[in-house]
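Peer 1: See final-v7.txt below, with compact mmCIF, C-alpha atoms.
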```
# COMPACT_ATOMS: atom_id res chain seq x y z
CA MET A 7 25.05 88.09 -65.61
CA GLU A 8 26.93 84.97 -64.58
CA ASP A 9 28.43 82.85 -67.35
CA LEU A 10 26.17 79.84 -66.73
CA LYS A 11 24.94 77.24 -69.19
CA LEU A 12 22.74 74.28 -68.35
CA PHE A 13 22.54 71.27 -70.66
CA GLY A 14 19.46 69.14 -70.14
CA VAL A 15 16.25 67.64 -71.43
CA TRP A 16 12.90 69.04 -70.35
CA TYR A 17 11.56 65.71 -69.08
CA SER A 18 14.43 64.91 -66.68
CA PRO A 19 13.83 65.25 -62.91
CA PHE A 20 17.57 65.66 -62.40
CA VAL A 21 17.66 68.67 -64.71
CA CYS A 22 14.55 70.09 -63.05
CA ARG A 23 16.30 70.01 -59.64
CA VAL A 24 19.06 72.21 -61.02
CA LYS A 25 16.65 74.64 -62.69
CA CYS A 26 14.79 75.09 -59.40
CA ALA A 27 18.02 75.66 -57.47
CA LEU A 28 19.21 78.25 -59.99
CA GLN A 29 15.93 80.11 -59.72
CA LEU A 30 15.99 79.99 -55.90
CA LYS A 31 19.44 81.57 -56.09
CA GLY A 32 18.23 84.16 -58.58
CA LEU A 33 20.80 83.00 -61.15
CA ASN A 34 20.09 83.51 -64.83
CA HIS A 35 21.48 80.92 -67.21
CA GLU A 36 21.42 79.86 -70.80
CA TYR A 37 19.53 76.58 -71.18
CA ILE A 38 20.47 74.13 -73.93
CA GLU A 39 17.97 71.36 -74.68
CA GLU A 40 19.78 68.17 -75.70
CA ASP A 41 18.58 65.33 -77.91
CA LEU A 42 19.66 62.21 -76.02
CA SER A 43 19.34 60.07 -79.14
CA ASN A 44 21.92 62.32 -80.79
CA LYS A 45 24.07 63.82 -78.03
CA SER A 46 25.94 67.01 -78.85
CA ASP A 47 29.70 67.17 -79.04
CA LEU A 48 29.65 69.59 -76.11
CA LEU A 49 27.73 67.13 -73.93
CA LEU A 50 30.26 64.39 -74.68
CA GLN A 51 33.14 66.79 -74.09
CA TYR A 52 31.78 68.09 -70.78
CA ASN A 53 30.73 64.74 -69.32
CA PRO A 54 32.99 62.15 -70.96
CA VAL A 55 32.58 59.62 -68.14
CA HIS A 56 28.79 59.32 -67.93
CA LYS A 57 27.71 61.16 -71.12
CA LYS A 58 24.60 62.28 -69.23
CA ILE A 59 22.70 65.41 -68.36
CA PRO A 60 22.35 67.64 -66.38
CA ILE A 61 25.60 69.48 -66.97
CA LEU A 62 26.10 72.94 -65.52
CA VAL A 63 28.91 74.87 -67.19
CA HIS A 64 30.15 77.82 -65.17
CA ALA A 65 32.71 80.04 -66.89
CA GLY A 66 33.69 77.10 -69.09
CA LYS A 67 33.99 74.54 -66.27
CA PRO A 68 31.56 71.61 -66.30
CA ILE A 69 29.89 70.29 -63.15
CA VAL A 70 27.84 67.10 -63.38
CA GLU A 71 25.54 64.95 -61.20
CA SER A 72 22.50 66.89 -60.02
CA LEU A 73 23.18 66.79 -56.27
CA ILE A 74 26.82 67.72 -56.78
CA ILE A 75 25.65 70.62 -58.95
CA LEU A 76 23.35 71.75 -56.13
CA GLU A 77 26.25 71.73 -53.66
CA TYR A 78 28.38 73.65 -56.18
CA ILE A 79 25.72 76.30 -56.66
CA ASP A 80 25.29 76.66 -52.90
CA GLU A 81 29.02 76.99 -52.27
CA THR A 82 29.66 79.37 -55.14
CA TRP A 83 26.76 81.70 -54.27
CA PRO A 84 26.43 81.12 -50.50
CA ASP A 85 24.69 84.38 -49.65
CA LYS A 86 21.65 84.06 -51.88
CA TYR A 87 19.01 81.64 -50.56
CA PRO A 88 21.09 78.94 -48.81
CA LEU A 89 20.12 75.45 -49.94
CA LEU A 90 21.97 73.84 -47.03
CA SER A 91 22.07 75.05 -43.44
CA LYS A 92 25.27 76.56 -42.07
CA ASP A 93 25.17 73.95 -39.29
CA PRO A 94 27.18 70.81 -40.19
CA TYR A 95 24.76 68.48 -38.41
CA GLU A 96 21.75 69.87 -40.27
CA ARG A 97 23.74 69.60 -43.50
CA SER A 98 24.50 65.95 -42.76
CA LYS A 99 20.79 65.25 -42.29
CA ALA A 100 19.85 66.94 -45.57
CA ARG A 101 22.55 64.95 -47.37
CA PHE A 102 21.35 61.76 -45.70
CA TRP A 103 17.81 62.14 -47.04
CA ALA A 104 18.99 63.17 -50.49
CA LYS A 105 21.22 60.09 -50.61
CA PHE A 106 18.43 57.93 -49.21
CA LEU A 107 16.25 58.84 -52.18
CA GLN A 108 19.13 58.40 -54.62
CA ASP A 109 19.78 54.90 -53.25
CA LYS A 110 16.13 54.01 -53.78
CA GLU A 111 16.03 54.99 -57.44
CA SER A 112 16.09 51.32 -58.44
CA THR A 113 13.02 50.70 -56.27
CA PHE A 114 11.15 53.50 -58.03
CA TRP A 115 12.42 52.28 -61.36
CA SER A 116 11.06 48.80 -60.65
CA LEU A 117 7.63 50.42 -60.55
CA VAL A 118 8.11 51.51 -64.16
CA LEU A 119 8.90 47.93 -65.10
CA VAL A 120 6.14 46.42 -63.01
CA THR A 121 4.12 43.44 -64.23
CA GLU A 122 0.89 42.00 -62.85
CA GLU A 123 2.96 39.41 -61.00
CA THR A 124 5.38 41.85 -59.36
CA LYS A 125 2.88 44.66 -58.78
CA GLU A 126 1.92 43.98 -55.16
CA LYS A 127 5.49 43.42 -53.97
CA THR A 128 6.84 46.45 -55.82
CA VAL A 129 4.06 48.76 -54.65
CA ASN A 130 4.69 47.69 -51.05
CA GLU A 131 8.40 48.37 -51.40
CA VAL A 132 7.75 51.86 -52.75
CA ILE A 133 5.26 52.58 -49.97
CA GLU A 134 7.83 51.49 -47.40
CA VAL A 135 10.33 53.97 -48.86
CA LEU A 136 7.76 56.78 -48.78
CA ARG A 137 6.76 55.96 -45.18
CA THR A 138 10.40 56.05 -44.09
CA LEU A 139 10.78 59.47 -45.70
CA GLU A 140 7.68 60.62 -43.89
CA GLU A 141 8.28 59.11 -40.46
CA HIS A 142 12.02 59.56 -40.07
CA GLY A 143 12.73 62.46 -42.40
CA LEU A 144 9.85 64.89 -42.73
CA GLY A 145 7.91 64.31 -39.52
CA ASP A 146 5.68 67.28 -38.76
CA LYS A 147 8.04 69.84 -40.24
CA LYS A 148 6.90 72.15 -43.02
CA PHE A 149 9.82 71.13 -45.25
CA PHE A 150 12.65 68.62 -44.84
CA GLY A 151 15.00 71.49 -44.05
CA GLY A 152 12.58 73.33 -41.76
CA ASP A 153 10.55 76.38 -42.74
CA ASP A 154 11.85 76.76 -46.29
CA ILE A 155 12.68 74.34 -49.08
CA GLY A 156 16.30 73.33 -49.38
CA PHE A 157 18.66 70.63 -50.60
CA ALA A 158 16.70 67.58 -49.37
CA ASP A 159 13.36 68.97 -50.57
CA LEU A 160 14.76 69.52 -54.06
CA ALA A 161 16.32 66.06 -54.06
CA ILE A 162 13.11 64.35 -53.00
CA GLY A 163 10.28 66.58 -54.17
CA ILE A 164 11.14 66.69 -57.84
CA GLY A 165 11.43 62.90 -58.01
CA ILE A 166 8.01 62.58 -56.44
CA HIS A 167 6.40 64.66 -59.20
CA TRP A 168 7.69 62.03 -61.64
CA MET A 169 6.49 59.25 -59.32
CA LYS A 170 2.97 60.60 -59.70
CA VAL A 171 3.34 60.22 -63.45
CA ILE A 172 4.38 56.58 -62.94
CA GLU A 173 1.41 56.08 -60.61
CA GLU A 174 -0.96 57.20 -63.35
CA LEU A 175 0.68 55.29 -66.17
CA LYS A 176 0.92 52.07 -64.17
CA GLY A 177 -2.46 52.33 -62.47
CA VAL A 178 -0.98 51.91 -58.99
CA LYS A 179 -1.47 53.83 -55.74
CA VAL A 180 1.51 54.52 -53.55
CA PHE A 181 0.90 57.93 -51.98
CA GLU A 182 -2.60 57.67 -50.61
CA THR A 183 -1.65 56.49 -47.12
CA CYS A 184 1.18 59.03 -46.74
CA THR A 185 -0.80 62.06 -45.66
CA LEU A 186 2.08 64.11 -44.24
CA LEU A 187 4.09 63.54 -47.39
CA GLN A 188 1.13 64.47 -49.59
CA ALA A 189 0.62 67.73 -47.73
CA TRP A 190 4.34 68.46 -48.08
CA ILE A 191 4.23 67.79 -51.85
CA GLU A 192 1.42 70.30 -52.19
CA ARG A 193 3.41 72.95 -50.28
CA PHE A 194 6.51 72.10 -52.30
CA ASN A 195 4.73 72.41 -55.65
CA GLU A 196 3.43 75.86 -54.70
CA VAL A 197 6.91 77.35 -54.20
CA PRO A 198 7.36 79.67 -57.22
CA ALA A 199 10.84 78.35 -58.13
CA VAL A 200 9.37 74.85 -58.23
CA LYS A 201 6.05 75.71 -59.85
CA GLU A 202 7.70 77.63 -62.65
CA ASN A 203 10.17 74.87 -63.48
CA LEU A 204 8.23 71.63 -63.05
CA PRO A 205 7.19 70.28 -66.45
CA GLY A 206 3.43 70.00 -66.82
CA TYR A 207 1.98 66.79 -65.47
CA ASN A 208 -0.01 66.09 -68.64
CA GLU A 209 3.01 66.72 -70.87
CA LEU A 210 5.05 64.24 -68.82
CA VAL A 211 2.30 61.63 -68.95
CA ALA A 212 2.07 62.08 -72.73
CA HIS A 213 5.85 61.90 -73.11
CA TYR A 214 6.28 58.75 -71.05
CA LYS A 215 3.15 56.99 -72.23
CA SER A 216 4.87 55.59 -75.31
CA ARG A 217 7.77 54.26 -73.23
CA TRP A 218 6.21 53.20 -69.97
CA GLY A 219 2.49 52.98 -70.67
CA MET B 141 39.10 65.95 -26.05
CA GLU B 142 36.12 66.06 -28.40
CA ASP B 143 33.08 63.97 -27.44
CA LEU B 144 33.37 61.58 -30.38
CA LYS B 145 32.33 57.96 -30.60
CA LEU B 146 32.66 55.75 -33.66
CA PHE B 147 30.59 52.57 -34.01
CA GLY B 148 32.00 50.11 -36.51
CA VAL B 149 33.43 46.71 -37.33
CA TRP B 150 37.15 46.29 -37.99
CA TYR B 151 36.65 44.64 -41.40
CA SER B 152 34.49 47.38 -42.97
CA PRO B 153 36.05 49.67 -45.60
CA PHE B 154 33.41 52.30 -44.80
CA VAL B 155 34.47 52.40 -41.16
CA CYS B 156 38.12 52.51 -42.16
CA ARG B 157 37.49 55.63 -44.24
CA VAL B 158 36.19 57.41 -41.17
CA LYS B 159 39.06 56.24 -38.95
CA CYS B 160 41.58 57.60 -41.46
CA ALA B 161 39.77 60.93 -41.70
CA LEU B 162 39.66 61.30 -37.90
CA GLN B 163 43.37 60.62 -37.69
CA LEU B 164 44.16 63.08 -40.50
CA LYS B 165 42.24 65.68 -38.51
CA GLY B 166 44.05 64.73 -35.31
CA LEU B 167 40.75 63.89 -33.61
CA ASN B 168 40.72 61.35 -30.80
CA HIS B 169 37.61 59.23 -30.44
CA GLU B 170 36.21 56.29 -28.57
CA TYR B 171 35.81 53.31 -30.88
CA ILE B 172 33.06 50.76 -30.29
CA GLU B 173 33.33 47.45 -32.15
CA GLU B 174 29.89 46.14 -33.08
CA ASP B 175 28.74 42.56 -33.62
CA LEU B 176 26.60 42.78 -36.77
CA SER B 177 24.91 39.48 -36.00
CA ASN B 178 23.71 40.99 -32.73
CA LYS B 179 23.49 44.76 -33.22
CA SER B 180 23.57 46.91 -30.10
CA ASP B 181 20.62 48.96 -28.97
CA LEU B 182 22.70 52.09 -29.49
CA LEU B 183 23.38 51.17 -33.13
CA LEU B 184 19.67 50.67 -33.77
CA GLN B 185 18.83 53.89 -31.96
CA TYR B 186 21.44 55.96 -33.80
CA ASN B 187 20.76 54.60 -37.30
CA PRO B 188 17.12 53.45 -37.26
CA VAL B 189 16.73 53.76 -41.04
CA HIS B 190 19.63 51.66 -42.29
CA LYS B 191 20.76 49.92 -39.06
CA LYS B 192 24.31 50.01 -40.43
CA ILE B 193 27.77 51.14 -39.46
CA PRO B 194 29.76 53.39 -39.50
CA ILE B 195 28.04 55.75 -37.11
CA LEU B 196 29.90 58.76 -35.77
CA VAL B 197 28.33 60.22 -32.65
CA HIS B 198 29.45 63.77 -31.88
CA ALA B 199 28.23 65.20 -28.58
CA GLY B 200 25.28 62.79 -28.68
CA LYS B 201 24.31 63.47 -32.31
CA PRO B 202 24.62 60.59 -34.78
CA ILE B 203 25.97 61.04 -38.30
CA VAL B 204 25.78 58.10 -40.71
CA GLU B 205 26.95 57.14 -44.22
CA SER B 206 30.71 57.22 -44.53
CA LEU B 207 31.02 59.99 -47.13
CA ILE B 208 28.51 62.16 -45.29
CA ILE B 209 30.54 61.60 -42.11
CA LEU B 210 33.66 62.75 -43.96
CA GLU B 211 31.92 65.95 -45.05
CA TYR B 212 30.69 66.49 -41.48
CA ILE B 213 34.17 66.06 -40.04
CA ASP B 214 35.60 68.45 -42.60
CA GLU B 215 32.97 71.11 -41.96
CA THR B 216 33.10 70.83 -38.18
CA TRP B 217 36.91 71.00 -37.99
CA PRO B 218 37.74 72.97 -41.15
CA ASP B 219 41.14 74.25 -40.06
CA LYS B 220 42.85 70.94 -39.39
CA TYR B 221 43.93 69.10 -42.56
CA PRO B 222 41.18 69.99 -45.07
CA LEU B 223 39.76 66.90 -46.78
CA LEU B 224 38.09 68.99 -49.48
CA SER B 225 39.54 72.02 -51.23
CA LYS B 226 38.13 75.46 -50.47
CA ASP B 227 37.44 75.87 -54.20
CA PRO B 228 33.89 74.77 -55.13
CA TYR B 229 34.96 73.40 -58.50
CA GLU B 230 37.69 71.24 -56.97
CA ARG B 231 35.17 70.09 -54.35
CA SER B 232 32.72 69.10 -57.08
CA LYS B 233 35.41 66.99 -58.77
CA ALA B 234 36.31 65.21 -55.53
CA ARG B 235 32.62 64.50 -54.89
CA PHE B 236 32.21 63.28 -58.46
CA TRP B 237 34.92 60.63 -58.09
CA ALA B 238 33.73 59.57 -54.65
CA LYS B 239 30.22 59.12 -56.06
CA PHE B 240 31.59 57.38 -59.14
CA LEU B 241 33.12 54.71 -56.93
CA GLN B 242 30.01 54.48 -54.79
CA ASP B 243 27.87 53.93 -57.89
CA LYS B 244 30.18 51.11 -58.98
CA GLU B 245 29.93 49.15 -55.73
CA SER B 246 27.62 46.63 -57.39
CA THR B 247 30.25 46.03 -60.10
CA PHE B 248 32.87 45.30 -57.44
CA TRP B 249 30.39 43.20 -55.54
CA SER B 250 29.73 41.11 -58.65
CA LEU B 251 33.39 40.10 -58.49
CA VAL B 252 32.74 38.57 -55.08
CA LEU B 253 29.91 36.53 -56.56
CA VAL B 254 31.80 35.62 -59.71
CA THR B 255 31.51 32.14 -61.26
CA GLU B 256 33.63 30.53 -63.95
CA GLU B 257 30.97 31.54 -66.48
CA THR B 258 30.77 35.20 -65.48
CA LYS B 259 34.45 35.67 -64.66
CA GLU B 260 35.69 37.15 -67.93
CA LYS B 261 32.81 39.60 -68.29
CA THR B 262 32.96 40.72 -64.67
CA VAL B 263 36.72 41.14 -64.66
CA ASN B 264 36.49 43.28 -67.79
CA GLU B 265 33.79 45.46 -66.20
CA VAL B 266 35.92 46.03 -63.11
CA ILE B 267 38.98 46.84 -65.23
CA GLU B 268 36.92 49.38 -67.17
CA VAL B 269 35.94 51.09 -63.91
CA LEU B 270 39.56 51.18 -62.74
CA ARG B 271 40.77 52.56 -66.09
CA THR B 272 38.16 55.31 -65.96
CA LEU B 273 39.37 56.24 -62.47
CA GLU B 274 42.92 56.30 -63.77
CA GLU B 275 42.40 58.09 -67.07
CA HIS B 276 39.77 60.65 -66.17
CA GLY B 277 40.26 61.02 -62.43
CA LEU B 278 43.83 60.47 -61.29
CA GLY B 279 45.82 61.20 -64.44
CA ASP B 280 49.40 62.00 -63.58
CA LYS B 281 48.58 63.66 -60.28
CA LYS B 282 50.13 62.41 -57.05
CA PHE B 283 46.70 62.03 -55.41
CA PHE B 284 43.15 62.56 -56.68
CA GLY B 285 43.04 65.86 -54.83
CA GLY B 286 46.53 66.98 -55.84
CA ASP B 287 49.61 66.80 -53.63
CA ASP B 288 47.95 65.38 -50.51
CA ILE B 289 45.30 62.77 -49.89
CA GLY B 290 41.76 64.05 -49.48
CA PHE B 291 38.10 63.17 -49.79
CA ALA B 292 38.27 61.31 -53.12
CA ASP B 293 41.41 59.40 -52.16
CA LEU B 294 39.78 58.17 -48.95
CA ALA B 295 36.61 57.25 -50.83
CA ILE B 296 38.48 55.28 -53.49
CA GLY B 297 41.70 54.11 -51.86
CA ILE B 298 40.20 52.25 -48.96
CA GLY B 299 37.83 50.34 -51.22
CA ILE B 300 40.75 49.32 -53.39
CA HIS B 301 42.52 47.69 -50.44
CA TRP B 302 39.47 45.44 -50.09
CA MET B 303 39.44 44.86 -53.87
CA LYS B 304 42.92 43.37 -53.55
CA VAL B 305 41.51 40.92 -51.01
CA ILE B 306 38.81 39.94 -53.50
CA GLU B 307 41.46 39.58 -56.21
CA GLU B 308 43.33 37.05 -54.08
CA LEU B 309 40.29 35.13 -52.91
CA LYS B 310 38.80 34.88 -56.38
CA GLY B 311 42.04 34.28 -58.25
CA VAL B 312 41.45 37.15 -60.67
CA LYS B 313 43.67 40.00 -61.87
CA VAL B 314 42.18 43.44 -62.29
CA PHE B 315 44.93 45.89 -61.34
CA GLU B 316 47.91 44.71 -63.33
CA THR B 317 47.33 46.91 -66.39
CA CYS B 318 46.55 50.04 -64.33
CA THR B 319 50.06 51.20 -63.59
CA LEU B 320 49.24 54.78 -62.58
CA LEU B 321 46.57 53.54 -60.20
CA GLN B 322 48.92 50.95 -58.72
CA ALA B 323 51.58 53.58 -58.04
CA TRP B 324 48.93 55.79 -56.42
CA ILE B 325 47.75 52.90 -54.19
CA GLU B 326 51.31 52.42 -52.98
CA ARG B 327 51.63 56.13 -52.15
CA PHE B 328 48.21 56.10 -50.49
CA ASN B 329 48.98 53.08 -48.33
CA GLU B 330 52.16 54.77 -47.06
CA VAL B 331 50.34 57.80 -45.63
CA PRO B 332 50.55 57.29 -41.82
CA ALA B 333 46.83 57.94 -41.20
CA VAL B 334 46.04 55.23 -43.77
CA LYS B 335 48.79 52.79 -42.84
CA GLU B 336 47.86 52.86 -39.16
CA ASN B 337 44.16 52.26 -39.79
CA LEU B 338 44.03 49.80 -42.69
CA PRO B 339 43.29 46.30 -41.37
CA GLY B 340 46.06 43.83 -42.18
CA TYR B 341 45.76 42.26 -45.59
CA ASN B 342 46.20 38.72 -44.24
CA GLU B 343 43.61 39.25 -41.51
CA LEU B 344 41.10 40.45 -44.11
CA VAL B 345 41.81 37.49 -46.38
CA ALA B 346 41.35 35.12 -43.42
CA HIS B 347 38.15 36.87 -42.37
CA TYR B 348 36.54 36.85 -45.80
CA LYS B 349 37.81 33.43 -46.85
CA SER B 350 34.94 31.62 -45.15
CA ARG B 351 32.37 33.90 -46.84
CA TRP B 352 33.82 34.63 -50.23
CA GLY B 353 36.53 32.05 -50.78
```
Please rewrite the model in this file as structure tokens.
Peer 2:
Amino acid sequence: MEDLKLFGVWYSPFVCRVKCALQLKGLNHEYIEEDLSNKSDLLLQYNPVHKKIPILVHAGKPIVESLIILEYIDETWPDKYPLLSKDPYERSKARFWAKFLQDKESTFWSLVLVTEETKEKTVNEVIEVLRTLEEHGLGDKKFFGGDDIGFADLAIGIGIHWMKVIEELKGVKVFETCTLLQAWIERFNEVPAVKENLPGYNELVAHYKSRWG
Amino acid sequence: MEDLKLFGVWYSPFVCRVKCALQLKGLNHEYIEEDLSNKSDLLLQYNPVHKKIPILVHAGKPIVESLIILEYIDETWPDKYPLLSKDPYERSKARFWAKFLQDKESTFWSLVLVTEETKEKTVNEVIEVLRTLEEHGLGDKKFFGGDDIGFADLAIGIGIHWMKVIEELKGVKVFETCTLLQAWIERFNEVPAVKENLPGYNELVAHYKSRWG
């Protein structure tokens, strides 16, 4: 067994990305649930700059930032279920869409903080992001990377599960006009490595209700 | 000669990163200067999502986002001057520092927009970012990647050249207490591939004076 530890919290989409990638690679790991209101000494030691999770510790060496962890996993175990294509151009496209979503985190976050006054504008901004993902990124492909889920799917798909929680808590509708994206989410959620690692929808709603509701 | 075209503007740090990387790799390319107030049809066709430069077009295929372009160049021509180490852990550290700087762009940008009231707070925030780069990233190494410049140096060093322009235009001081970082900038600026591609300091000051001064 590989010497792999993952520090996280169960309700983080960034941690979930890493869990899915590890399972796709068939890598067992020890999982350590953190309490972010009382961070462990190890967390602070392994990620002194951001003091955030997820942290993957491989043979004592910490790797942080979920997308950087995904690249690390793919480069360290390249033969088992590649997350990125071998072709540099395909890799650049996967990285582009992963970064695209990352750059839009503040747009999604503004939905959490939405008020009656900002609702229409914010919802339209989120829909525009989702349509761009659909029209320019996904198109009529099965997954962003082609026939199987990969780097961009993990980057985008996990976040969208959390977006559905925000939709419910905020009483907004952002996905209903994105039919290609909705069909992709359903395919994505059925992949065993995703299905077995996504926190339950109801648990997430209950968890976030006190903060965002 | 490789079929390589680079679309950019001379005063963009993101374009400069790519120029330096191409020169380090010994790759000739055709450079196309854009007018951002009147973007070319090719720019809009090659980067329909962001409509931004830099765009590297290799054999007709567009790659966008400066750090993604750097990864593409490194993966497509791996044998000439590696920008990233072959070791996945070292790669993850280089990506971490590149992303760290990218995530702090808004902090640097706030220095451009500084007022007398926000000056002290903003300057302190920028200094904190620079100290983190110095203490946790550079340390006493010659370059971020070790003995030669690489991915993280290009990501950080070019931006810092522009920061010095902001320093002058805004009459602030952010670098003076960061002695290790200052010595690194001097080494970085002396590397031929950097020196020959960095726009002149005075030209940048003159260019930005009308916007930021």
Peer 1: Would you kindly report the residues of chain B within 8 Å of chain A, using only C-alpha atoms, as a ChimeraX atom specification?
Peer 2: /B:189,201,203-205,208-209,211-212,215-216,228-229,231-233,235-236,272,276
Peer 1: Considering all atoms listed in the file, return as an MDAnalysis selection string whatever protein or nucleic-acid residues lie within 8 Å of Thr247 in chain B, sequence-local ones (same chain, fewer than 6 positions apart) excluded.
Peer 2: chainID B and resid 262 265:266
Peer 1: Counting all atoms listed in the file, which of A:Val180, A:Leu62, A:Leu10, A:Leu119 gets nearest to Arg137 in chain A?
Peer 2: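 Comparing A:Val180, A:Leu62, A:Leu10, A:Leu119 against Arg137 in chain A, the winner is A:Val180.
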Peer 1: So which residues touch Asn342 in chain B within 12 Å, counting all atoms listed in the file, skipping near sequence neighbours fewer than 6 positions away, as a list in words?
Peer 2: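 Near neighbours after the sequence-gap exclusion: Tyr151, His301, Trp302, Lys304, Val305, Ile306, Glu308, Leu309, Tyr348 and Lys349 of chain B.
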Peer 1: Hey, could you pull the box centre and edge lengths for range 40-52 of chain A, axis-aligned, 4 Å padding per side, all listed atoms, to one decimal in Å, as JSON?
Peer 2:
```
{"center_x": 25.9, "center_y": 64.8, "center_z": -75.8, "size_x": 22.6, "size_y": 17.5, "size_z": 18.0}
```
Peer 1: How far is it from CA of Arg193 in chain A to CA of Leu160 in chain A, in Å with one decimal?
Peer 2: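 One can read the CA of Arg193 in chain A to CA of Leu160 in chain A distance as 12.4 Å.
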Peer 1: Counting all atoms listed in the file, which residue out of B:Lys220, B:Lys191, B:Arg351, B:Lys281 sits closest to Ala161 in chain B?
Peer 2: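 Going through B:Lys220, B:Lys191, B:Arg351, B:Lys281 one by one, the smallest distance to Ala161 in chain B is for B:Lys220.
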Peer 1: As an exercise, work out the distance from CA of Trp352 in chain B to CA of Val158 in chain B in Å and give it to one decimal place.
Peer 2: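 CA of Val158 in chain B lies 24.6 Å from CA of Trp352 in chain B.
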Peer 1: How many Å separate CA of Leu136 in chain A from CA of Thr185 in chain A?
Peer 2: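 Taking CA of Leu136 in chain A as the start and CA of Thr185 in chain A as the end point, the length is 10.5 Å.
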Peer 1: Might you pull out every residue within 8 Å of Cys22 in chain A, with only C-alpha atoms counted and same-chain residues fewer than 4 positions away left off, and present them as a ChimeraX atom specification?
Peer 2: /A:16,18,26,164,203-204
Peer 1: Okay, now the selection with C-alpha atoms, as a tab-separated table (two decimals), keeping the file's coordinate frame?
Peer 2:
```tsv
chain	number	residue	atom	x	y	z
A	16	TRP	CA	12.90	69.04	-70.35
A	18	SER	CA	14.43	64.91	-66.68
A	26	CYS	CA	14.79	75.09	-59.40
A	164	ILE	CA	11.14	66.69	-57.84
A	203	ASN	CA	10.17	74.87	-63.48
A	204	LEU	CA	8.23	71.63	-63.05
```
Peer 1: Give as a list in words every residue, naming chains and numbers as the document does, that has an atom within 7 Å of (45.8, 52.9, -48.3), counting all atoms listed in the file.
Peer 2: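 Looking at atoms near the point gives Gly297, Ile298, His301, Ile325, Phe328, Asn329, Glu330, Val334, Lys335 and Leu338 of chain B.
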Peer 1: Of the candidates A:Leu187, A:Tyr52, A:Asp154, A:Lys148, which shows the shortest atom-to-atom distance to Leu90 in chain A, using only C-alpha atoms?
Peer 2: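 For Leu90 in chain A, the nearest of the given residues is A:Asp154.
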